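Next comes model-v8.txt, a file with compact mmCIF, C-alpha atoms.
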# COMPACT_ATOMS: atom_id res chain seq x y z
CA MET N 147 -7.11 -3.70 -19.50
CA PRO N 148 -8.52 -0.21 -19.88
CA SER N 149 -7.88 2.24 -17.10
CA GLY N 150 -10.90 3.57 -15.24
CA SER N 151 -11.82 7.21 -15.19
CA ARG N 152 -10.34 9.52 -12.61
CA LYS N 153 -12.84 10.66 -10.05
CA ALA N 154 -12.83 14.35 -9.27
CA VAL N 155 -11.90 15.18 -5.70
CA GLY N 156 -14.79 17.60 -5.29
CA PRO N 157 -16.35 20.78 -6.62
CA PRO N 158 -14.30 23.95 -6.14
CA GLY N 159 -15.04 25.72 -2.88
CA GLU N 160 -16.46 22.62 -1.19
CA PRO N 161 -14.49 20.95 1.63
CA ARG N 162 -12.55 18.18 -0.05
CA PHE N 163 -12.01 15.91 2.93
CA ASP N 164 -13.76 14.99 6.12
CA ALA N 165 -11.17 14.72 8.91
CA ARG N 166 -13.51 12.57 10.99
CA GLU N 167 -14.07 10.16 8.14
CA VAL N 168 -10.29 9.83 7.76
CA GLU N 169 -9.88 9.21 11.49
CA GLU N 170 -12.58 6.54 11.35
CA GLU N 171 -10.87 4.89 8.39
CA ILE N 172 -7.54 4.86 10.24
CA ARG N 173 -9.20 3.24 13.25
CA ARG N 174 -10.86 0.56 11.12
CA ASN N 175 -7.64 -0.18 9.23
CA ARG N 176 -5.71 -0.51 12.47
CA GLU N 177 -8.25 -2.98 13.85
CA ALA N 178 -8.27 -4.96 10.60
CA ASN N 179 -4.46 -5.16 10.57
CA GLU N 180 -4.30 -6.32 14.16
CA ARG N 181 -6.97 -8.95 13.46
CA PHE N 182 -5.09 -10.13 10.38
CA GLN N 183 -1.80 -10.46 12.24
CA ARG N 184 -3.42 -12.32 15.12
CA GLU N 185 -5.44 -14.74 13.00
CA TYR N 186 -2.68 -15.55 10.54
CA SER N 187 -0.03 -15.98 13.19
CA GLU N 188 -2.27 -18.49 14.95
CA TRP N 189 -3.17 -20.22 11.70
CA PHE N 190 0.43 -20.57 10.61
CA GLU N 191 1.49 -21.82 14.01
CA ARG N 192 -1.21 -24.51 13.93
CA ASN N 193 -0.32 -25.59 10.42
CA ALA N 194 3.41 -25.48 10.95
CA THR N 195 2.92 -27.91 13.85
CA ARG N 196 0.65 -30.10 11.75
CA ARG N 197 3.13 -30.13 8.88
CA ALA N 198 6.15 -30.83 11.04
CA GLY N 199 8.31 -33.32 9.20
CA GLY N 200 7.95 -31.61 5.86
CA ALA N 201 4.42 -32.57 4.82
CA LYS N 202 3.14 -30.35 2.07
CA ARG N 203 0.27 -28.02 2.72
CA THR N 204 -3.03 -29.46 1.61
CA THR N 205 -6.13 -27.97 0.08
CA ALA N 206 -7.81 -28.57 3.43
CA ASP N 207 -5.16 -26.42 5.06
CA ARG N 208 -5.85 -23.62 2.63
CA ARG N 209 -9.61 -23.86 3.16
CA SER N 210 -9.19 -23.62 6.91
CA ARG N 211 -7.42 -20.28 6.65
CA PRO N 212 -8.91 -17.43 8.62
CA MET M 294 35.17 -9.77 7.92
CA THR M 295 32.98 -8.41 5.16
CA ALA M 296 30.05 -6.28 6.22
CA PRO M 297 26.67 -7.78 5.27
CA LYS M 298 25.18 -6.28 2.15
CA GLY M 299 22.05 -4.32 2.93
CA ARG M 300 19.60 -2.46 0.72
CA ASN M 301 21.95 0.51 0.59
CA PRO M 302 19.27 2.81 -0.86
CA GLN M 303 20.49 5.80 -2.87
CA ILE M 304 17.72 8.35 -3.24
CA GLU M 305 17.79 11.25 -5.65
CA VAL M 306 14.94 13.75 -5.44
CA THR M 307 14.76 16.73 -7.73
CA PRO M 308 11.77 18.86 -8.68
CA ARG M 309 11.56 16.81 -11.87
CA ARG M 310 12.11 13.26 -10.72
CA ILE M 311 12.63 10.76 -7.92
CA ARG M 312 15.16 8.04 -8.52
CA VAL M 313 15.97 5.16 -6.20
CA ARG M 314 18.81 2.70 -6.50
CA LEU M 315 18.93 -0.16 -4.02
CA ARG M 316 19.58 -3.83 -3.53
CA PRO M 317 16.03 -5.08 -3.22
CA ASP M 318 15.19 -7.06 -0.11
CA ASN M 319 12.22 -9.43 -0.10
CA VAL M 320 9.75 -6.59 0.57
CA ASP M 321 11.13 -4.46 -2.26
CA GLN M 322 11.11 -7.43 -4.62
CA LEU M 323 7.49 -8.20 -3.77
CA ALA M 324 6.54 -4.57 -4.48
CA LEU M 325 8.49 -4.54 -7.74
CA ASP M 326 6.96 -7.81 -8.93
CA PHE M 327 3.43 -6.82 -7.95
CA CYS M 328 3.66 -3.42 -9.61
CA ARG M 329 5.08 -4.98 -12.76
CA VAL M 330 1.87 -6.98 -13.13
CA LEU M 331 -0.27 -3.88 -12.52
CA THR M 332 1.69 -1.98 -15.14
CA LYS M 333 1.46 -4.82 -17.64
CA LEU M 334 -2.31 -4.88 -17.26
CA GLN M 335 -2.51 -1.07 -17.33
CA VAL M 336 -4.11 -0.86 -13.90
CA ARG M 337 -3.70 2.57 -12.37
CA TYR M 338 -2.22 2.28 -8.87
CA ALA M 339 -0.39 4.15 -6.14
CA LEU M 340 1.76 2.77 -3.34
CA VAL M 341 0.89 4.46 -0.08
CA SER M 342 1.69 4.49 3.64
CA GLY M 343 4.78 3.01 5.30
CA TYR M 344 6.34 1.38 2.28
CA VAL M 345 6.66 4.77 0.62
CA ALA M 346 8.91 5.94 3.46
CA ILE M 347 10.89 2.70 3.19
CA LEU M 348 11.21 3.06 -0.57
CA LEU M 349 12.54 6.56 0.04
CA GLY M 350 15.29 5.10 2.20
CA ARG M 351 13.86 4.89 5.70
CA ASN M 352 15.47 1.99 7.51
CA ARG M 353 12.69 0.09 9.22
CA LEU M 354 10.92 -3.21 8.85
CA SER M 355 7.54 -3.53 7.23
CA GLU M 356 5.19 -6.46 6.95
CA ASP M 357 2.90 -5.08 4.33
CA ILE M 358 2.87 -2.98 1.21
CA ASP M 359 -0.27 -0.87 0.91
CA LEU M 360 -1.57 0.26 -2.42
CA PHE M 361 -4.70 1.62 -4.03
CA VAL M 362 -5.83 0.66 -7.47
CA GLU M 363 -8.55 2.26 -9.50
CA ARG M 364 -11.92 0.59 -9.11
CA LEU M 365 -12.10 -2.44 -11.39
CA SER M 366 -15.04 -4.38 -12.77
CA VAL M 367 -15.34 -8.07 -11.88
CA ARG M 368 -14.00 -8.94 -15.33
CA GLN M 369 -11.00 -6.64 -14.95
CA PHE M 370 -10.30 -7.90 -11.45
CA LYS M 371 -10.47 -11.52 -12.62
CA ALA M 372 -7.78 -10.78 -15.20
CA LEU M 373 -5.61 -9.07 -12.60
CA HIS M 374 -6.12 -11.78 -9.98
CA SER M 375 -5.27 -14.46 -12.52
CA ALA M 376 -2.05 -12.68 -13.50
CA LEU M 377 -1.03 -12.06 -9.89
CA THR M 378 -1.65 -15.63 -8.76
CA LYS M 379 0.76 -17.01 -11.33
CA SER M 380 3.55 -16.15 -8.92
CA LEU M 381 1.77 -15.08 -5.73
CA GLU M 382 -0.92 -16.49 -3.51
CA CYS M 383 -4.03 -14.60 -2.54
CA ILE M 384 -4.19 -15.03 1.22
CA THR M 385 -7.64 -13.53 1.55
CA PRO M 386 -10.11 -16.41 1.38
CA GLY M 387 -12.87 -16.61 -1.22
CA THR M 388 -13.69 -16.86 -4.88
CA VAL M 389 -12.75 -14.11 -7.29
CA GLU M 390 -16.36 -12.88 -7.20
CA THR M 391 -16.33 -12.82 -3.38
CA LEU M 392 -12.99 -11.03 -3.27
CA HIS M 393 -14.41 -8.40 -5.58
CA GLY M 394 -17.91 -8.01 -4.21
CA SER M 395 -17.43 -8.67 -0.50
CA TYR M 396 -13.99 -7.15 0.01
CA LEU M 397 -12.81 -4.70 -2.62
CA ASP M 398 -16.07 -3.26 -3.85
CA ALA M 399 -18.37 -3.59 -0.85
CA GLY M 400 -19.41 0.05 -0.51
CA ALA M 401 -18.74 1.56 2.91
CA GLU M 402 -17.51 -1.84 4.13
CA SER M 403 -14.90 -2.18 1.40
CA THR M 404 -11.61 -3.55 2.57
CA SER M 405 -8.38 -4.99 1.24
CA VAL M 406 -7.33 -8.19 -0.45
CA ARG M 407 -3.86 -9.49 0.33
CA TYR M 408 -1.28 -11.29 -1.78
CA ALA M 409 1.95 -12.91 -0.61
CA ARG M 410 4.60 -15.31 -1.81
CA PRO M 411 3.35 -18.91 -1.77
CA GLU M 412 3.36 -20.55 1.67
CA THR M 413 3.88 -17.25 3.46
CA PHE M 414 1.74 -14.42 4.77
CA SER M 415 4.42 -11.84 5.48
CA PRO M 416 5.35 -9.66 3.77
CA ASN M 417 2.16 -9.15 1.82
CA VAL M 418 0.62 -6.64 -0.50
CA GLU M 419 -2.57 -5.11 0.80
CA MET M 420 -4.54 -3.94 -2.21
CA LYS M 421 -7.65 -1.77 -2.03
CA PHE M 422 -9.86 -0.05 -4.52
CA ALA M 423 -9.76 3.72 -4.34
CA GLN M 424 -13.18 4.52 -2.89
CA LYS M 425 -12.94 7.69 -0.84
CA PRO M 426 -11.87 11.24 -1.65
CA VAL M 427 -8.49 10.79 0.06
CA HIS M 428 -7.81 7.67 -2.01
CA HIS M 429 -8.80 9.34 -5.27
CA TYR M 430 -6.63 12.30 -4.39
CA SER M 431 -3.59 10.06 -3.82
CA LEU M 432 -4.21 8.16 -7.01
CA SER M 433 -4.96 11.11 -9.27
CA ARG M 434 -1.82 12.94 -8.13
CA ARG M 435 0.44 9.92 -7.95
CA VAL M 436 4.16 10.42 -8.39
CA PRO M 437 6.43 8.29 -10.59
CA VAL M 438 9.53 6.87 -8.95
CA ASP M 439 12.31 5.22 -10.92
CA VAL M 440 13.42 2.21 -8.89
CA ASN M 441 16.41 0.44 -10.43
CA GLY M 442 15.05 1.43 -13.83
CA GLN M 443 11.49 0.25 -13.15
CA ARG M 444 8.79 2.88 -12.86
CA LEU M 445 6.66 2.61 -9.73
CA TYR M 446 4.01 5.08 -8.61
CA ILE M 447 3.60 6.41 -5.09
CA GLY M 448 0.57 8.33 -3.88
CA ALA M 449 0.54 12.13 -3.70
CA LEU M 450 3.40 13.07 -1.38
CA GLU M 451 1.51 15.84 0.40
CA MET M 452 -1.38 13.49 1.21
CA GLY M 453 1.02 10.73 2.28
CA ILE M 454 2.62 13.05 4.82
CA VAL M 455 -0.66 14.37 6.16
CA TYR M 456 -2.23 10.91 6.39
CA LYS M 457 0.77 9.65 8.37
CA LEU M 458 0.43 12.61 10.73
CA LYS M 459 -3.21 11.68 11.23
CA MET M 460 -2.25 8.07 12.02
CA GLY M 461 -0.19 9.49 14.81
CA SER M 462 1.89 6.62 16.22
CA GLU M 463 5.60 7.20 16.81
CA LYS M 464 6.39 5.11 13.72
CA ASP M 465 3.89 7.02 11.58
CA LEU M 466 5.16 10.42 12.69
CA ALA M 467 8.72 9.35 11.91
CA ASP M 468 7.58 8.14 8.47
CA ALA M 469 5.89 11.50 7.85
CA ARG M 470 9.00 13.40 8.86
CA TRP M 471 11.18 11.17 6.71
CA MET M 472 8.97 11.67 3.65
CA TYR M 473 8.88 15.40 4.25
CA ASP M 474 12.65 15.72 4.63
CA ARG M 475 13.43 13.53 1.62
CA THR M 476 10.99 15.16 -0.77
CA ARG M 477 11.21 18.85 0.21
CA GLU M 478 12.30 19.78 -3.29
CA ARG M 479 9.12 18.36 -4.77
CA LEU M 480 6.50 19.28 -2.21
CA HIS M 481 3.87 21.84 -3.05
CA ARG M 482 3.91 23.81 0.20
CA PRO M 483 0.60 25.66 -0.18
CA GLU M 484 -1.15 22.37 -0.96
CA LEU M 485 0.52 20.64 1.99
CA ASN M 486 -0.58 23.41 4.33
CA LYS M 487 -4.10 23.35 2.92
CA LEU M 488 -4.34 19.59 3.39
CA MET M 489 -3.09 19.89 6.95
CA GLU M 490 -5.75 22.44 7.71
CA GLU M 491 -8.52 20.45 6.04
CA MET M 492 -7.51 17.23 7.75
CA ASP M 493 -6.81 18.87 11.11
CA ALA M 494 -3.21 17.59 11.15
CA HIS M 495 -0.30 19.23 12.93
CA ALA M 496 3.50 19.10 12.83
CA GLU M 497 5.78 21.83 14.04
CA TRP M 498 8.46 20.85 11.51
CA VAL M 499 6.26 21.63 8.51
CA THR M 500 7.33 25.13 7.59
In structure tokens, what does this structure look like?
Amino acid sequence: MPSGSRKAVGPPGEPRFDAREVEEEIRRNREANERFQREYSEWFERNATRRAGGAKRTTADRRSRP
Amino acid sequence: MTAPKGRNPQIEVTPRRIRVRLRPDNVDQLALDFCRVLTKLQVRYALVSGYVAILLGRNRLSEDIDLFVERLSVRQFKALHSALTKSLECITPGTVETLHGSYLDAGAESTSVRYARPETFSPNVEMKFAQKPVHHYSLSRRVPVDVNGQRLYIGALEMGIVYKLKMGSEKDLADARWMYDRTRERLHRPELNKLMEEMDAHAEWVT
């Protein structure tokens, strides 16, 4: 698989990064991680209960994932 | 009584190289396996965030391994996804096209796709396309790390430290300090200071 081209960080003399954009990204990532943890913990708890006794996970289980 | 065997990480940082020797735990093994696939398919990547501090010997738990890859076409991503899902499960729902178009390459709304060992969701690898200047910076200045003889790449150290400072939680600040202390010999101080200024980040221990 060919590697993609490297994107330049920015023209010389221009500000390279926007601190506010970075702060916004950090906020969004934090929210997404919390949502992921919450939804998957709940999903696994539900399915662990349903599969009690050793039943294998089904395609329906997979499709019901968050 | 014999003491339990831990990771026992041995880190060697010189201006020329970073070498890590450890007994991989399940998080390390997931990172090693995932990166092996990326390397095999010649996908440019960089590990970033908390796992970098852990790889460099910090003793804390982590539930995810964050990494950026270069932006891939649908065809390239299909090949990668197919190779990854031979041993891992993609725990983000959707078809390959959806994963690419609605998650990884969705413009300003782009987000990650996660892979984990089958039947689990933790630990997982959180993979994103490099989309923003900070991501491209990390990727274009990535640093090779020899881990038990396997070459992994971590994002630019200076950016990793500054980004952790910006994240700002107690854990993140400790990660930043750890990375700084462990990689002093390799850090480009003027660049670190410039990044801190540009990103409005502060730490009294950065000298």
Chain M residues near chain N within 6 Å, closest pair each, using all atoms listed in the file, as a Markdown table:
| residue | atom | partner | partner_atom | distance |
| --- | --- | --- | --- | --- |
| M:Leu334 | CA | N:Met147 | CA | 5.4 |
| M:Gln335 | CA | N:Met147 | CA | 5.7 |
| M:Val336 | CA | N:Ser149 | CA | 5.8 |
| M:Pro426 | CA | N:Val155 | CA | 5.7 |
| M:Met492 | CA | N:Ala165 | CA | 4.6 |
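Restricting the calculation to all atoms listed in the file, the smallest distance between Leu488 in chain M and any of M:Thr391, M:Thr404, M:Thr476, M:Ser431 is found for M:Ser431.
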Using the file's own x, y and z axes, what box holds all listed atoms of range 423-433 of chain M with 8 Å on each side, keeping edges along x, y and z, and what are its centre and edge lengths in Å to one decimal, as AutoDock Vina command-line options?
--center_x -8.4 --center_y 8.0 --center_z -4.6 --size_x 25.6 --size_y 24.6 --size_z 25.3
Inset, instruction - Mind giving me the straight-line distance from CA of Met489 in chain M to CA of Leu340 in chain M in Å, one decimal? - result: 20.6 Å
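Within 12 Å of Trp498 in chain M, once only C-alpha atoms are used and residues closer than 3 positions along the same chain are dropped, the contacting residues are M:Ile454, M:Leu458, M:Leu466, M:Ala467, M:Ala469, M:Arg470, M:Trp471, M:Tyr473, M:Asp474, M:Arg477, M:Asn486, M:His495.
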Could you list, with a cut-off of 10 Å and counting all atoms listed in the file, the residues of range 389-421 of chain M near range 371-380 of chain M, each shown with its nearest atom pair and the distance in Å rounded to one decimal, rows sorted by chain and ascending number, as CSV?
residue,atom,partner,partner_atom,distance
M:Val389,CA,M:Lys371,CA,6.3
M:Glu390,CA,M:Lys371,CA,8.1
M:Leu392,CA,M:His374,CA,9.6
M:His393,CA,M:Lys371,CA,8.6
M:Tyr408,CA,M:Leu377,CA,8.2
M:Ala409,CA,M:Ser380,CA,9.1
M:Arg410,CA,M:Ser380,CA,7.2
M:Pro411,CA,M:Ser380,CA,7.7
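Picture a line from CA of Lys421 in chain M to CA of Asn441 in chain M; it runs 25.6 Å.
Comparing the minimum interatomic distances between Ile447 in chain M and each of M:Glu305, M:Asp321, M:Asp359, M:Glu484, counting all atoms listed in the file, we find that M:Asp359 sits nearest.
The space between CA of Leu360 in chain M and CA of Arg309 in chain M spans 23.1 Å.
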Legend entry - Closest of M:Phe414, M:Thr332, M:Gly394, M:Gly350 to Arg368 in chain M - atom-to-atom distances counting only C-alpha atoms: M:Gly394
Legend entry - Local residues around (11.9, -6.7, 7.2), at most 9 Å away, using all atoms listed in the file, as a ChimeraX atom specification: /M:318-320,353-356,416
Could you write out that same residue set with C-alpha atoms as a compact mmCIF listing (two decimals), keeping the file's coordinate frame?
# COMPACT_ATOMS: atom_id res chain seq x y z
CA ASP M 318 15.19 -7.06 -0.11
CA ASN M 319 12.22 -9.43 -0.10
CA VAL M 320 9.75 -6.59 0.57
CA ARG M 353 12.69 0.09 9.22
CA LEU M 354 10.92 -3.21 8.85
CA SER M 355 7.54 -3.53 7.23
CA GLU M 356 5.19 -6.46 6.95
CA PRO M 416 5.35 -9.66 3.77
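Each of M:Gly400, M:Tyr344, M:Arg407, M:Val330 was checked against Gly453 in chain M using all atoms listed in the file; the smallest atom-to-atom distance is that of M:Tyr344.
Across M:Met472, M:Ile384, M:Leu450, M:Leu323, the tightest approach to Ser433 in chain M is made by M:Leu450 when counting all atoms listed in the file.
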